[in-house]
>>> print(open('data.csv').read())   # CSV, C-alpha atoms and all ligand atoms
chain,number,residue,atom,x,y,z
Z,307,LEU,CA,108.3,93.2,118.0
Z,308,PRO,CA,106.2,96.3,118.0
Z,309,LEU,CA,102.6,95.7,116.8
Z,310,PHE,CA,102.8,96.7,113.1
Z,311,GLU,CA,106.2,95.0,112.6
Z,312,ARG,CA,104.7,91.9,114.2
Z,313,LEU,CA,101.8,92.0,111.9
Z,314,GLU,CA,104.0,92.3,108.8
Z,315,ARG,CA,106.1,89.5,110.2
Z,316,ARG,CA,103.0,87.3,110.6
Z,317,ILE,CA,102.4,87.6,106.8
Z,318,VAL,CA,106.0,86.7,106.0
Z,319,ASP,CA,106.2,83.8,108.4
Z,320,GLY,CA,102.6,82.6,107.7
Z,321,GLU,CA,101.9,82.7,111.4
Z,322,ARG,CA,98.2,82.7,112.0
Z,323,SER,CA,97.8,82.2,115.8
Z,324,GLY,CA,97.1,85.5,117.6
Z,325,LEU,CA,96.5,87.3,114.2
Z,326,GLU,CA,93.0,88.5,115.1
Z,327,ALA,CA,94.0,90.0,118.4
Z,328,ASP,CA,96.8,91.9,116.7
Z,329,LEU,CA,94.5,93.1,114.0
Z,330,ASP,CA,91.9,94.3,116.6
Z,331,GLU,CA,94.7,96.2,118.4
Z,332,ALA,CA,95.9,97.7,115.1
Z,333,MET,CA,92.4,98.9,114.3
Z,334,THR,CA,92.4,101.0,117.5
Z,335,GLU,CA,95.3,103.0,115.8
Z,336,LYS,CA,94.6,102.9,112.1
Z,337,PRO,CA,91.7,102.3,109.7
Z,338,PRO,CA,91.6,98.7,108.2
Z,339,LEU,CA,92.6,99.8,104.7
Z,340,GLU,CA,95.7,101.5,105.9
Z,341,ILE,CA,96.6,98.4,107.8
Z,342,ILE,CA,96.2,96.4,104.6
Z,343,ASN,CA,98.1,98.9,102.4
Z,344,GLU,CA,100.9,99.8,104.7
Z,345,THR,CA,101.5,96.7,106.7
Z,346,LEU,CA,100.1,93.5,105.2
Z,347,LEU,CA,100.9,94.3,101.5
Z,348,SER,CA,104.4,95.1,102.6
Z,349,GLY,CA,104.6,91.6,104.1
Z,350,MET,CA,103.4,90.1,100.8
Z,351,LYS,CA,106.0,92.0,98.9
Z,352,THR,CA,108.7,90.5,101.0
Z,353,VAL,CA,107.2,87.1,100.4
Z,354,GLY,CA,107.4,87.7,96.7
Z,355,GLU,CA,111.0,88.8,96.9
Z,356,LEU,CA,112.0,85.8,99.1
Z,357,PHE,CA,110.2,83.4,96.7
Z,358,GLY,CA,111.6,85.1,93.6
Z,359,SER,CA,115.2,84.8,94.9
Z,360,GLY,CA,114.8,81.1,95.9
Z,361,GLN,CA,114.8,81.8,99.7
Z,362,MET,CA,111.3,80.7,100.3
Z,363,GLN,CA,109.5,77.5,99.1
Z,364,LEU,CA,106.1,77.4,97.6
Z,365,PRO,CA,104.2,75.8,100.5
Z,366,PHE,CA,105.3,78.7,102.7
Z,367,VAL,CA,104.2,81.2,100.1
Z,368,LEU,CA,100.8,79.5,100.3
Z,369,GLN,CA,100.8,79.8,104.1
Z,370,SER,CA,101.5,83.5,103.9
Z,371,ALA,CA,98.7,83.9,101.3
Z,372,GLU,CA,96.3,82.2,103.7
Z,373,VAL,CA,97.3,84.4,106.6
Z,374,MET,CA,96.9,87.4,104.3
Z,375,LYS,CA,93.4,86.3,103.3
Z,376,ALA,CA,92.4,85.6,106.9
Z,377,ALA,CA,93.6,89.1,107.9
Z,378,VAL,CA,91.7,90.8,105.1
Z,379,ALA,CA,88.6,88.8,106.0
Z,380,HIS,CA,88.9,89.9,109.6
Z,381,LEU,CA,89.3,93.6,108.7
Z,382,GLU,CA,86.7,93.7,105.9
Z,383,PRO,CA,83.6,94.0,108.2
Z,384,HIS,CA,85.2,97.1,109.8
Z,385,MET,CA,85.6,99.1,106.7
Z,386,GLU,CA,83.6,102.1,105.8
Z,387,LYS,CA,80.9,101.1,103.4
Z,388,ASP,CA,78.6,102.3,100.7
Z,389,ASP,CA,77.3,98.9,99.8
Z,390,SER,CA,74.3,100.1,97.8
Z,391,GLY,CA,75.7,98.6,94.5
Z,392,GLY,CA,74.0,101.5,92.8
Z,393,LYS,CA,77.0,102.9,90.9
Z,394,GLY,CA,77.3,100.1,88.4
Z,395,ARG,CA,78.1,96.4,87.9
Z,396,ILE,CA,81.4,94.9,87.1
Z,397,VAL,CA,82.3,91.3,86.4
Z,398,LEU,CA,85.7,90.5,87.9
Z,399,ALA,CA,87.9,87.4,87.3
Z,400,THR,CA,91.5,86.1,87.5
Z,401,VAL,CA,92.3,85.0,83.9
Z,402,LYS,CA,92.6,81.5,82.6
Z,403,GLY,CA,95.5,79.5,84.0
Z,404,ASP,CA,96.2,81.9,86.9
Z,405,VAL,CA,95.3,81.1,90.6
Z,406,HIS,CA,96.4,84.4,92.2
Z,407,ASP,CA,93.4,86.0,93.7
Z,408,ILE,CA,94.4,88.2,96.7
Z,409,GLY,CA,94.7,91.4,94.6
Z,410,LYS,CA,91.5,90.6,92.7
Z,411,ASN,CA,89.6,90.1,95.9
Z,412,LEU,CA,91.0,93.4,97.3
Z,413,VAL,CA,89.6,95.1,94.2
Z,414,ASP,CA,86.3,93.4,94.9
Z,415,ILE,CA,86.2,94.7,98.4
Z,416,ILE,CA,87.2,98.2,97.5
Z,417,LEU,CA,84.6,98.4,94.7
Z,418,SER,CA,81.9,96.7,96.7
Z,419,ASN,CA,82.4,99.0,99.6
Z,420,ASN,CA,82.2,102.1,97.3
Z,421,GLY,CA,78.9,101.6,95.7
Z,422,TYR,CA,79.6,99.1,92.9
Z,423,GLU,CA,78.1,95.7,92.5
Z,424,VAL,CA,80.9,93.1,91.8
Z,425,VAL,CA,80.3,89.8,90.3
Z,426,ASN,CA,83.5,87.9,91.3
Z,427,LEU,CA,83.9,84.8,89.2
Z,428,GLY,CA,87.0,83.6,90.9
Z,429,ILE,CA,90.2,82.3,89.5
Z,430,LYS,CA,91.3,80.6,86.2
Z,431,GLN,CA,88.4,82.0,84.2
Z,432,PRO,CA,88.3,81.5,80.5
Z,433,ILE,CA,87.1,84.5,78.5
Z,434,THR,CA,83.9,82.7,77.4
Z,435,THR,CA,82.9,82.4,81.0
Z,436,ILE,CA,83.7,86.0,81.7
Z,437,LEU,CA,81.7,87.2,78.7
Z,438,ASP,CA,78.7,84.9,79.4
Z,439,ALA,CA,78.6,86.3,83.0
Z,440,ALA,CA,78.9,89.9,81.8
Z,441,GLU,CA,76.0,89.2,79.4
Z,442,GLU,CA,73.8,87.4,81.9
Z,443,LYS,CA,74.4,89.9,84.7
Z,444,ARG,CA,74.2,92.9,82.3
Z,445,ALA,CA,77.5,94.2,83.5
Z,446,ASP,CA,78.7,97.7,82.8
Z,447,ALA,CA,82.4,96.7,82.8
Z,448,ILE,CA,84.8,93.8,82.9
Z,449,GLY,CA,87.8,93.5,85.1
Z,450,MET,CA,90.6,91.0,84.6
Z,451,SER,CA,93.4,90.3,87.0
Z,452,GLY,CA,96.5,88.2,86.4
Z,453,LEU,CA,99.9,87.9,88.1
Z,454,LEU,CA,101.8,85.6,85.8
Z,455,VAL,CA,103.7,86.9,82.8
Z,456,LYS,CA,101.7,84.3,80.9
Z,457,SER,CA,98.5,86.0,82.0
Z,458,THR,CA,99.5,89.2,80.2
Z,459,VAL,CA,99.4,87.2,77.0
Z,460,ILE,CA,96.1,85.7,78.0
Z,461,MET,CA,94.7,89.2,78.5
Z,462,ARG,CA,95.9,90.1,75.0
Z,463,ASP,CA,94.1,87.0,73.6
Z,464,ASN,CA,91.0,87.9,75.6
Z,465,LEU,CA,90.9,91.4,74.2
Z,466,GLU,CA,91.3,90.0,70.7
Z,467,GLU,CA,88.4,87.6,71.3
Z,468,MET,CA,86.2,90.4,72.7
Z,469,ASN,CA,87.0,92.5,69.7
Z,470,SER,CA,86.1,89.8,67.3
Z,471,ARG,CA,82.8,89.3,69.1
Z,472,GLY,CA,82.1,93.0,68.6
Z,473,VAL,CA,81.4,93.8,72.3
Z,474,ALA,CA,83.6,96.9,72.5
Z,475,GLU,CA,80.6,99.2,72.8
Z,476,LYS,CA,79.2,97.2,75.7
Z,477,TRP,CA,82.2,96.7,78.0
Z,478,PRO,CA,85.1,98.8,79.0
Z,479,VAL,CA,87.9,96.7,80.4
Z,480,LEU,CA,89.9,97.2,83.5
Z,481,LEU,CA,93.2,95.3,83.8
Z,482,GLY,CA,95.4,94.8,86.8
Z,483,GLY,CA,98.0,92.5,88.4
Z,484,ALA,CA,101.6,92.5,89.2
Z,485,ALA,CA,102.9,91.2,85.9
Z,486,LEU,CA,101.3,94.0,83.9
Z,487,THR,CA,102.8,97.4,83.3
Z,488,ARG,CA,101.1,100.6,82.3
Z,489,SER,CA,103.2,100.9,79.2
Z,490,TYR,CA,102.3,97.3,78.1
Z,491,VAL,CA,98.6,98.0,78.5
Z,492,GLU,CA,98.7,101.4,77.0
Z,493,ASN,CA,101.0,100.7,74.1
Z,494,ASP,CA,100.3,97.0,73.3
Z,495,LEU,CA,96.7,96.3,74.4
Z,496,THR,CA,94.6,99.4,73.7
Z,497,ASP,CA,94.9,99.0,70.0
Z,498,ILE,CA,93.6,95.4,70.1
Z,499,TYR,CA,90.3,96.3,71.5
Z,500,ALA,CA,88.0,98.9,70.0
Z,501,GLY,CA,86.5,99.6,73.5
Z,502,ASP,CA,88.2,101.3,76.4
Z,503,VAL,CA,91.1,99.5,78.1
Z,504,HIS,CA,92.5,100.8,81.3
Z,505,TYR,CA,95.4,99.7,83.5
Z,506,ALA,CA,95.0,100.0,87.3
Z,507,ARG,CA,98.2,99.8,89.4
Z,508,ASP,CA,96.2,99.0,92.5
Z,509,ALA,CA,92.7,98.6,93.8
Z,510,PHE,CA,92.2,102.4,94.4
Z,511,GLU,CA,93.2,103.3,90.9
Z,512,GLY,CA,90.7,100.6,89.8
Z,513,LEU,CA,88.0,102.4,91.9
Z,514,ARG,CA,88.9,105.8,90.4
Z,515,LEU,CA,88.8,104.5,86.9
Z,601,LIG,CO1,102.7,83.0,92.8
Z,601,LIG,N1,103.9,83.9,91.6
Z,601,LIG,N2,102.9,81.4,91.8
Z,601,LIG,N3,101.7,82.3,94.3
Z,601,LIG,N4,103.0,84.7,93.8
Z,601,LIG,C1,104.1,85.4,91.8
Z,601,LIG,C2,103.1,86.2,91.0
Z,601,LIG,C3,105.6,85.6,91.3
Z,601,LIG,C4,105.9,87.0,90.8
Z,601,LIG,C5,106.5,85.3,92.5
Z,601,LIG,C6,108.0,85.4,92.1
Z,601,LIG,O1,108.5,84.6,91.4
Z,601,LIG,N5,108.6,86.4,92.7
Z,601,LIG,C7,105.7,84.5,90.2
Z,601,LIG,C8,105.3,84.9,88.8
Z,601,LIG,C9,106.5,85.0,87.9
Z,601,LIG,C10,106.1,85.2,86.4
Z,601,LIG,O2,105.1,84.9,85.9
Z,601,LIG,N6,107.1,85.6,85.7
Z,601,LIG,C11,104.8,83.5,90.8
Z,601,LIG,C12,104.8,82.1,90.4
Z,601,LIG,C13,106.0,81.7,89.5
Z,601,LIG,C14,103.9,81.2,90.9
Z,601,LIG,C15,103.8,79.7,90.4
Z,601,LIG,C16,104.0,79.4,88.9
Z,601,LIG,C17,104.7,78.9,91.3
Z,601,LIG,C18,104.8,77.4,91.0
Z,601,LIG,O3,103.9,76.7,91.0
Z,601,LIG,N7,106.0,77.0,90.7
Z,601,LIG,C19,102.3,79.4,90.9
Z,601,LIG,C20,101.3,79.7,89.8
Z,601,LIG,C21,100.1,78.9,89.8
Z,601,LIG,C22,99.1,79.4,88.7
Z,601,LIG,O4,98.7,80.6,88.8
Z,601,LIG,N8,98.8,78.6,87.7
Z,601,LIG,C23,102.1,80.3,92.0
Z,601,LIG,C24,101.3,80.1,93.1
Z,601,LIG,C25,101.2,81.0,94.2
Z,601,LIG,C26,100.4,80.6,95.5
Z,601,LIG,C27,99.2,79.7,95.2
Z,601,LIG,C28,101.4,79.9,96.4
Z,601,LIG,C29,100.1,82.1,96.0
Z,601,LIG,C30,98.8,82.6,95.6
Z,601,LIG,C31,97.7,82.5,96.6
Z,601,LIG,C32,96.4,83.2,96.2
Z,601,LIG,O5,96.5,84.2,95.5
Z,601,LIG,N9,95.3,82.7,96.6
Z,601,LIG,C33,101.2,82.9,95.3
Z,601,LIG,C34,101.6,84.2,95.8
Z,601,LIG,C35,101.0,84.6,97.1
Z,601,LIG,C36,102.5,85.0,95.1
Z,601,LIG,C37,103.1,86.4,95.4
Z,601,LIG,C38,104.2,86.0,96.4
Z,601,LIG,C39,102.2,87.4,96.0
Z,601,LIG,C40,101.0,87.7,95.2
Z,601,LIG,C41,100.0,88.6,96.0
Z,601,LIG,O6,99.0,88.1,96.5
Z,601,LIG,N10,100.4,89.9,96.2
Z,601,LIG,C42,103.6,86.9,94.0
Z,601,LIG,C43,104.8,87.8,94.1
Z,601,LIG,C44,104.5,89.2,93.5
Z,601,LIG,O7,103.4,89.5,93.2
Z,601,LIG,N11,105.5,90.0,93.4
Z,601,LIG,C45,103.7,85.6,93.2
Z,601,LIG,C46,99.5,90.8,96.9
Z,601,LIG,C47,98.4,91.3,96.0
Z,601,LIG,C48,97.5,92.3,96.8
Z,601,LIG,O8,99.0,92.0,94.9
Z,601,LIG,O9,97.7,90.6,93.2
Z,601,LIG,O10,99.5,92.3,92.5
Z,601,LIG,P1,98.4,91.9,93.4
Z,601,LIG,O11,97.3,93.0,93.4
Z,601,LIG,C49,97.6,94.4,93.5
Z,601,LIG,C50,97.7,95.1,92.1
Z,601,LIG,O12,98.4,94.3,91.2
Z,601,LIG,C51,96.3,95.4,91.8
Z,601,LIG,O13,95.7,95.7,93.0
Z,601,LIG,C52,96.3,95.0,94.1
Z,601,LIG,C53,96.7,96.0,95.2
Z,601,LIG,O14,95.8,96.9,95.5
Z,601,LIG,N12,95.4,94.5,91.0
Z,601,LIG,C54,94.4,95.0,90.3
Z,601,LIG,C55,95.5,93.2,90.9
Z,601,LIG,N13,94.5,92.8,90.2
Z,601,LIG,C56,93.8,93.8,89.8
Z,601,LIG,C57,92.7,94.0,88.9
Z,601,LIG,C58,92.2,95.2,88.7
Z,601,LIG,C59,92.8,96.3,89.2
Z,601,LIG,C60,93.9,96.2,90.0
Z,601,LIG,O15,91.1,95.4,87.9
Z,601,LIG,C61,90.5,94.4,87.3
>>> encode(input="data.csv", output="structure tokens")
Amino acid sequence: LPLFERLERRIVDGERSGLEADLDEAMTEKPPLEIINETLLSGMKTVGELFGSGQMQLPFVLQSAEVMKAAVAHLEPHMEKDDSGGKGRIVLATVKGDVHDIGKNLVDIILSNNGYEVVNLGIKQPITTILDAAEEKRADAIGMSGLLVKSTVIMRDNLEEMNSRGVAEKWPVLLGGAALTRSYVENDLTDIYAGDVHYARDAFEGLRL
């Protein structure tokens, strides 16, 4: 297969050996972020479709996710950087009950490389932990990621909790993840929280917001 098709295939097949060499070659043709956006994410999309339609079993999805993570880790040092952290600080987490973290970690990379300081709490984070960290780190914003439909409900609960704690003035909230839609966030969630709530379709929209 040609290089970029081969790379995409590696994600779908969860094929790790030779990955770094292919990525190095790819970087002679395209910047790392373009490789992620155009090639690797396209592979993950196929994985999602295969899994969703019952043509791929969970252990193979996990393998694909691991190859995706290894690829991003290999590309990350080659990205253009403003890692001053001077633009502001955001606490980032995947919400309670949800283990998906590839998207969240991409958001971390994009923000960190563009002058923001990111406190990445990891996966399955209850709102109390998120708020404690935001308080302790004196964060300027909170970002929540979630890919399960169930996570969209958790986000709603989290915003309710934040509202009842009266923290709306302190923390604007950025929400993202495949199960969310712009209309759900803008129609159903913005009224729950007296502070700003924004939906980001991808990491770049997150950065812009
Ligand atoms: Co899971 N999974 N998974 N999975 N998985 C989905 C989400 C699913 C849609 C697959 C499917 O059925 N087609 C489905 C959810 C269905 C639903 O809720 N209705 C699903 C399921 C069912 C499950 C399990 C329940 C399966 C099981 O156990 N039976 C289980 C859940 C466990 C749990 O969370 N409690 C599970 C487990 C897993 C793996 C562990 C195997 C693995 C995750 C590994 C990992 O993340 N470390 C996995 C994977 C890889 C997927 C799919 C295939 C790919 C997700 C991914 O990484 N995409 C996924 C299919 C899909 O999403 N369509 C699926 C690439 C990533 C870059 O995209 O995270 O959307 P994404 O991020 C994007 C944007 O959304 C945005 O920016 C990114 C791009 O720039 N974004 C933000 C994300 N967060 C943001 C935050 C922001 C801003 C933007 O600001 C804060």
>>> atom_distance(input="data.csv", atom1="atom C18 of ligand LIG 601 (chain Z)", atom2="atom CA of Z:Tyr505")
25.3 Å
>>> closest_residue(input="data.csv", among="Z:Leu513, Z:Val479, Z:Ala500, Z:Leu368", to="ligand LIG 601 (chain Z)", atoms="all atoms listed in the file")
Z:Leu368
>>> residues_near_point(input="data.csv", point="(89.6, 88.8, 75.1)", cutoff="12 Å", atoms="all atoms listed in the file", output="PDB file with C-alpha atoms, keeping the file's coordinate frame")
ATOM      1  CA  VAL Z 401      92.300  85.000  83.900  1.00  0.00           C
ATOM      2  CA  LYS Z 402      92.600  81.500  82.600  1.00  0.00           C
ATOM      3  CA  GLN Z 431      88.400  82.000  84.200  1.00  0.00           C
ATOM      4  CA  PRO Z 432      88.300  81.500  80.500  1.00  0.00           C
ATOM      5  CA  ILE Z 433      87.100  84.500  78.500  1.00  0.00           C
ATOM      6  CA  THR Z 434      83.900  82.700  77.400  1.00  0.00           C
ATOM      7  CA  THR Z 435      82.900  82.400  81.000  1.00  0.00           C
ATOM      8  CA  ILE Z 436      83.700  86.000  81.700  1.00  0.00           C
ATOM      9  CA  LEU Z 437      81.700  87.200  78.700  1.00  0.00           C
ATOM     10  CA  ILE Z 448      84.800  93.800  82.900  1.00  0.00           C
ATOM     11  CA  GLY Z 449      87.800  93.500  85.100  1.00  0.00           C
ATOM     12  CA  MET Z 450      90.600  91.000  84.600  1.00  0.00           C
ATOM     13  CA  SER Z 457      98.500  86.000  82.000  1.00  0.00           C
ATOM     14  CA  THR Z 458      99.500  89.200  80.200  1.00  0.00           C
ATOM     15  CA  VAL Z 459      99.400  87.200  77.000  1.00  0.00           C
ATOM     16  CA  ILE Z 460      96.100  85.700  78.000  1.00  0.00           C
ATOM     17  CA  MET Z 461      94.700  89.200  78.500  1.00  0.00           C
ATOM     18  CA  ARG Z 462      95.900  90.100  75.000  1.00  0.00           C
ATOM     19  CA  ASP Z 463      94.100  87.000  73.600  1.00  0.00           C
ATOM     20  CA  ASN Z 464      91.000  87.900  75.600  1.00  0.00           C
ATOM     21  CA  LEU Z 465      90.900  91.400  74.200  1.00  0.00           C
ATOM     22  CA  GLU Z 466      91.300  90.000  70.700  1.00  0.00           C
ATOM     23  CA  GLU Z 467      88.400  87.600  71.300  1.00  0.00           C
ATOM     24  CA  MET Z 468      86.200  90.400  72.700  1.00  0.00           C
ATOM     25  CA  ASN Z 469      87.000  92.500  69.700  1.00  0.00           C
ATOM     26  CA  SER Z 470      86.100  89.800  67.300  1.00  0.00           C
ATOM     27  CA  ARG Z 471      82.800  89.300  69.100  1.00  0.00           C
ATOM     28  CA  GLY Z 472      82.100  93.000  68.600  1.00  0.00           C
ATOM     29  CA  VAL Z 473      81.400  93.800  72.300  1.00  0.00           C
ATOM     30  CA  ALA Z 474      83.600  96.900  72.500  1.00  0.00           C
ATOM     31  CA  TRP Z 477      82.200  96.700  78.000  1.00  0.00           C
ATOM     32  CA  PRO Z 478      85.100  98.800  79.000  1.00  0.00           C
ATOM     33  CA  VAL Z 479      87.900  96.700  80.400  1.00  0.00           C
ATOM     34  CA  LEU Z 480      89.900  97.200  83.500  1.00  0.00           C
ATOM     35  CA  LEU Z 481      93.200  95.300  83.800  1.00  0.00           C
ATOM     36  CA  LEU Z 495      96.700  96.300  74.400  1.00  0.00           C
ATOM     37  CA  THR Z 496      94.600  99.400  73.700  1.00  0.00           C
ATOM     38  CA  ILE Z 498      93.600  95.400  70.100  1.00  0.00           C
ATOM     39  CA  TYR Z 499      90.300  96.300  71.500  1.00  0.00           C
ATOM     40  CA  ALA Z 500      88.000  98.900  70.000  1.00  0.00           C
ATOM     41  CA  GLY Z 501      86.500  99.600  73.500  1.00  0.00           C
ATOM     42  CA  VAL Z 503      91.100  99.500  78.100  1.00  0.00           C
TER      43      VAL Z 503
END
>>> atom_distance(input="data.csv", atom1="atom CA of Z:His406", atom2="atom CA of Z:Asn420")
23.3 Å
>>> residues_near_ligand(input="data.csv", ligand="ligand LIG 601 (chain Z)", cutoff="7 Å", atoms="all atoms listed in the file", output="tab-separated table (two decimals) with C-alpha atoms, keeping the file's coordinate frame")
chain	number	residue	atom	x	y	z
Z	347	LEU	CA	100.90	94.30	101.50
Z	350	MET	CA	103.40	90.10	100.80
Z	351	LYS	CA	106.00	92.00	98.90
Z	353	VAL	CA	107.20	87.10	100.40
Z	354	GLY	CA	107.40	87.70	96.70
Z	355	GLU	CA	111.00	88.80	96.90
Z	357	PHE	CA	110.20	83.40	96.70
Z	358	GLY	CA	111.60	85.10	93.60
Z	364	LEU	CA	106.10	77.40	97.60
Z	365	PRO	CA	104.20	75.80	100.50
Z	367	VAL	CA	104.20	81.20	100.10
Z	368	LEU	CA	100.80	79.50	100.30
Z	370	SER	CA	101.50	83.50	103.90
Z	371	ALA	CA	98.70	83.90	101.30
Z	398	LEU	CA	85.70	90.50	87.90
Z	403	GLY	CA	95.50	79.50	84.00
Z	404	ASP	CA	96.20	81.90	86.90
Z	405	VAL	CA	95.30	81.10	90.60
Z	406	HIS	CA	96.40	84.40	92.20
Z	407	ASP	CA	93.40	86.00	93.70
Z	408	ILE	CA	94.40	88.20	96.70
Z	409	GLY	CA	94.70	91.40	94.60
Z	410	LYS	CA	91.50	90.60	92.70
Z	412	LEU	CA	91.00	93.40	97.30
Z	413	VAL	CA	89.60	95.10	94.20
Z	449	GLY	CA	87.80	93.50	85.10
Z	450	MET	CA	90.60	91.00	84.60
Z	451	SER	CA	93.40	90.30	87.00
Z	452	GLY	CA	96.50	88.20	86.40
Z	453	LEU	CA	99.90	87.90	88.10
Z	454	LEU	CA	101.80	85.60	85.80
Z	455	VAL	CA	103.70	86.90	82.80
Z	456	LYS	CA	101.70	84.30	80.90
Z	480	LEU	CA	89.90	97.20	83.50
Z	481	LEU	CA	93.20	95.30	83.80
Z	482	GLY	CA	95.40	94.80	86.80
Z	483	GLY	CA	98.00	92.50	88.40
Z	484	ALA	CA	101.60	92.50	89.20
Z	485	ALA	CA	102.90	91.20	85.90
Z	506	ALA	CA	95.00	100.00	87.30
Z	507	ARG	CA	98.20	99.80	89.40
Z	508	ASP	CA	96.20	99.00	92.50
Z	509	ALA	CA	92.70	98.60	93.80
Z	510	PHE	CA	92.20	102.40	94.40
Z	512	GLY	CA	90.70	100.60	89.80
>>> atom_distance(input="data.csv", atom1="atom CA of Z:Leu309", atom2="atom CA of Z:Met362")
23.9 Å
>>> closest_residue(input="data.csv", among="Z:Lys476, Z:Tyr490, Z:Val373, Z:Ser418", to="Z:Ser323", atoms="only C-alpha atoms")
Z:Val373
>>> residues_around(input="data.csv", residues="Z:Val425", least_positions_apart="3", cutoff="12 Å", atoms="only C-alpha atoms", output="PDB file with C-alpha atoms, keeping the file's coordinate frame")
ATOM      1  CA  GLY Z 391      75.700  98.600  94.500  1.00  0.00           C
ATOM      2  CA  GLY Z 394      77.300 100.100  88.400  1.00  0.00           C
ATOM      3  CA  ARG Z 395      78.100  96.400  87.900  1.00  0.00           C
ATOM      4  CA  ILE Z 396      81.400  94.900  87.100  1.00  0.00           C
ATOM      5  CA  VAL Z 397      82.300  91.300  86.400  1.00  0.00           C
ATOM      6  CA  LEU Z 398      85.700  90.500  87.900  1.00  0.00           C
ATOM      7  CA  ALA Z 399      87.900  87.400  87.300  1.00  0.00           C
ATOM      8  CA  LYS Z 410      91.500  90.600  92.700  1.00  0.00           C
ATOM      9  CA  ASN Z 411      89.600  90.100  95.900  1.00  0.00           C
ATOM     10  CA  VAL Z 413      89.600  95.100  94.200  1.00  0.00           C
ATOM     11  CA  ASP Z 414      86.300  93.400  94.900  1.00  0.00           C
ATOM     12  CA  ILE Z 415      86.200  94.700  98.400  1.00  0.00           C
ATOM     13  CA  LEU Z 417      84.600  98.400  94.700  1.00  0.00           C
ATOM     14  CA  SER Z 418      81.900  96.700  96.700  1.00  0.00           C
ATOM     15  CA  TYR Z 422      79.600  99.100  92.900  1.00  0.00           C
ATOM     16  CA  GLY Z 428      87.000  83.600  90.900  1.00  0.00           C
ATOM     17  CA  ILE Z 436      83.700  86.000  81.700  1.00  0.00           C
ATOM     18  CA  LEU Z 437      81.700  87.200  78.700  1.00  0.00           C
ATOM     19  CA  ALA Z 439      78.600  86.300  83.000  1.00  0.00           C
ATOM     20  CA  ALA Z 440      78.900  89.900  81.800  1.00  0.00           C
ATOM     21  CA  GLU Z 441      76.000  89.200  79.400  1.00  0.00           C
ATOM     22  CA  GLU Z 442      73.800  87.400  81.900  1.00  0.00           C
ATOM     23  CA  LYS Z 443      74.400  89.900  84.700  1.00  0.00           C
ATOM     24  CA  ARG Z 444      74.200  92.900  82.300  1.00  0.00           C
ATOM     25  CA  ALA Z 445      77.500  94.200  83.500  1.00  0.00           C
ATOM     26  CA  ASP Z 446      78.700  97.700  82.800  1.00  0.00           C
ATOM     27  CA  ALA Z 447      82.400  96.700  82.800  1.00  0.00           C
ATOM     28  CA  ILE Z 448      84.800  93.800  82.900  1.00  0.00           C
ATOM     29  CA  GLY Z 449      87.800  93.500  85.100  1.00  0.00           C
ATOM     30  CA  MET Z 450      90.600  91.000  84.600  1.00  0.00           C
TER      31      MET Z 450
END
>>> residues_around(input="data.csv", residues="stretch 375-379 of chain Z", least_positions_apart="2", cutoff="10 Å", atoms="all atoms listed in the file", output="ChimeraX atom specification")
/Z:313,316-317,322,325-326,328-329,338-339,341-342,346,369-373,381-384,407-408,411-412,415
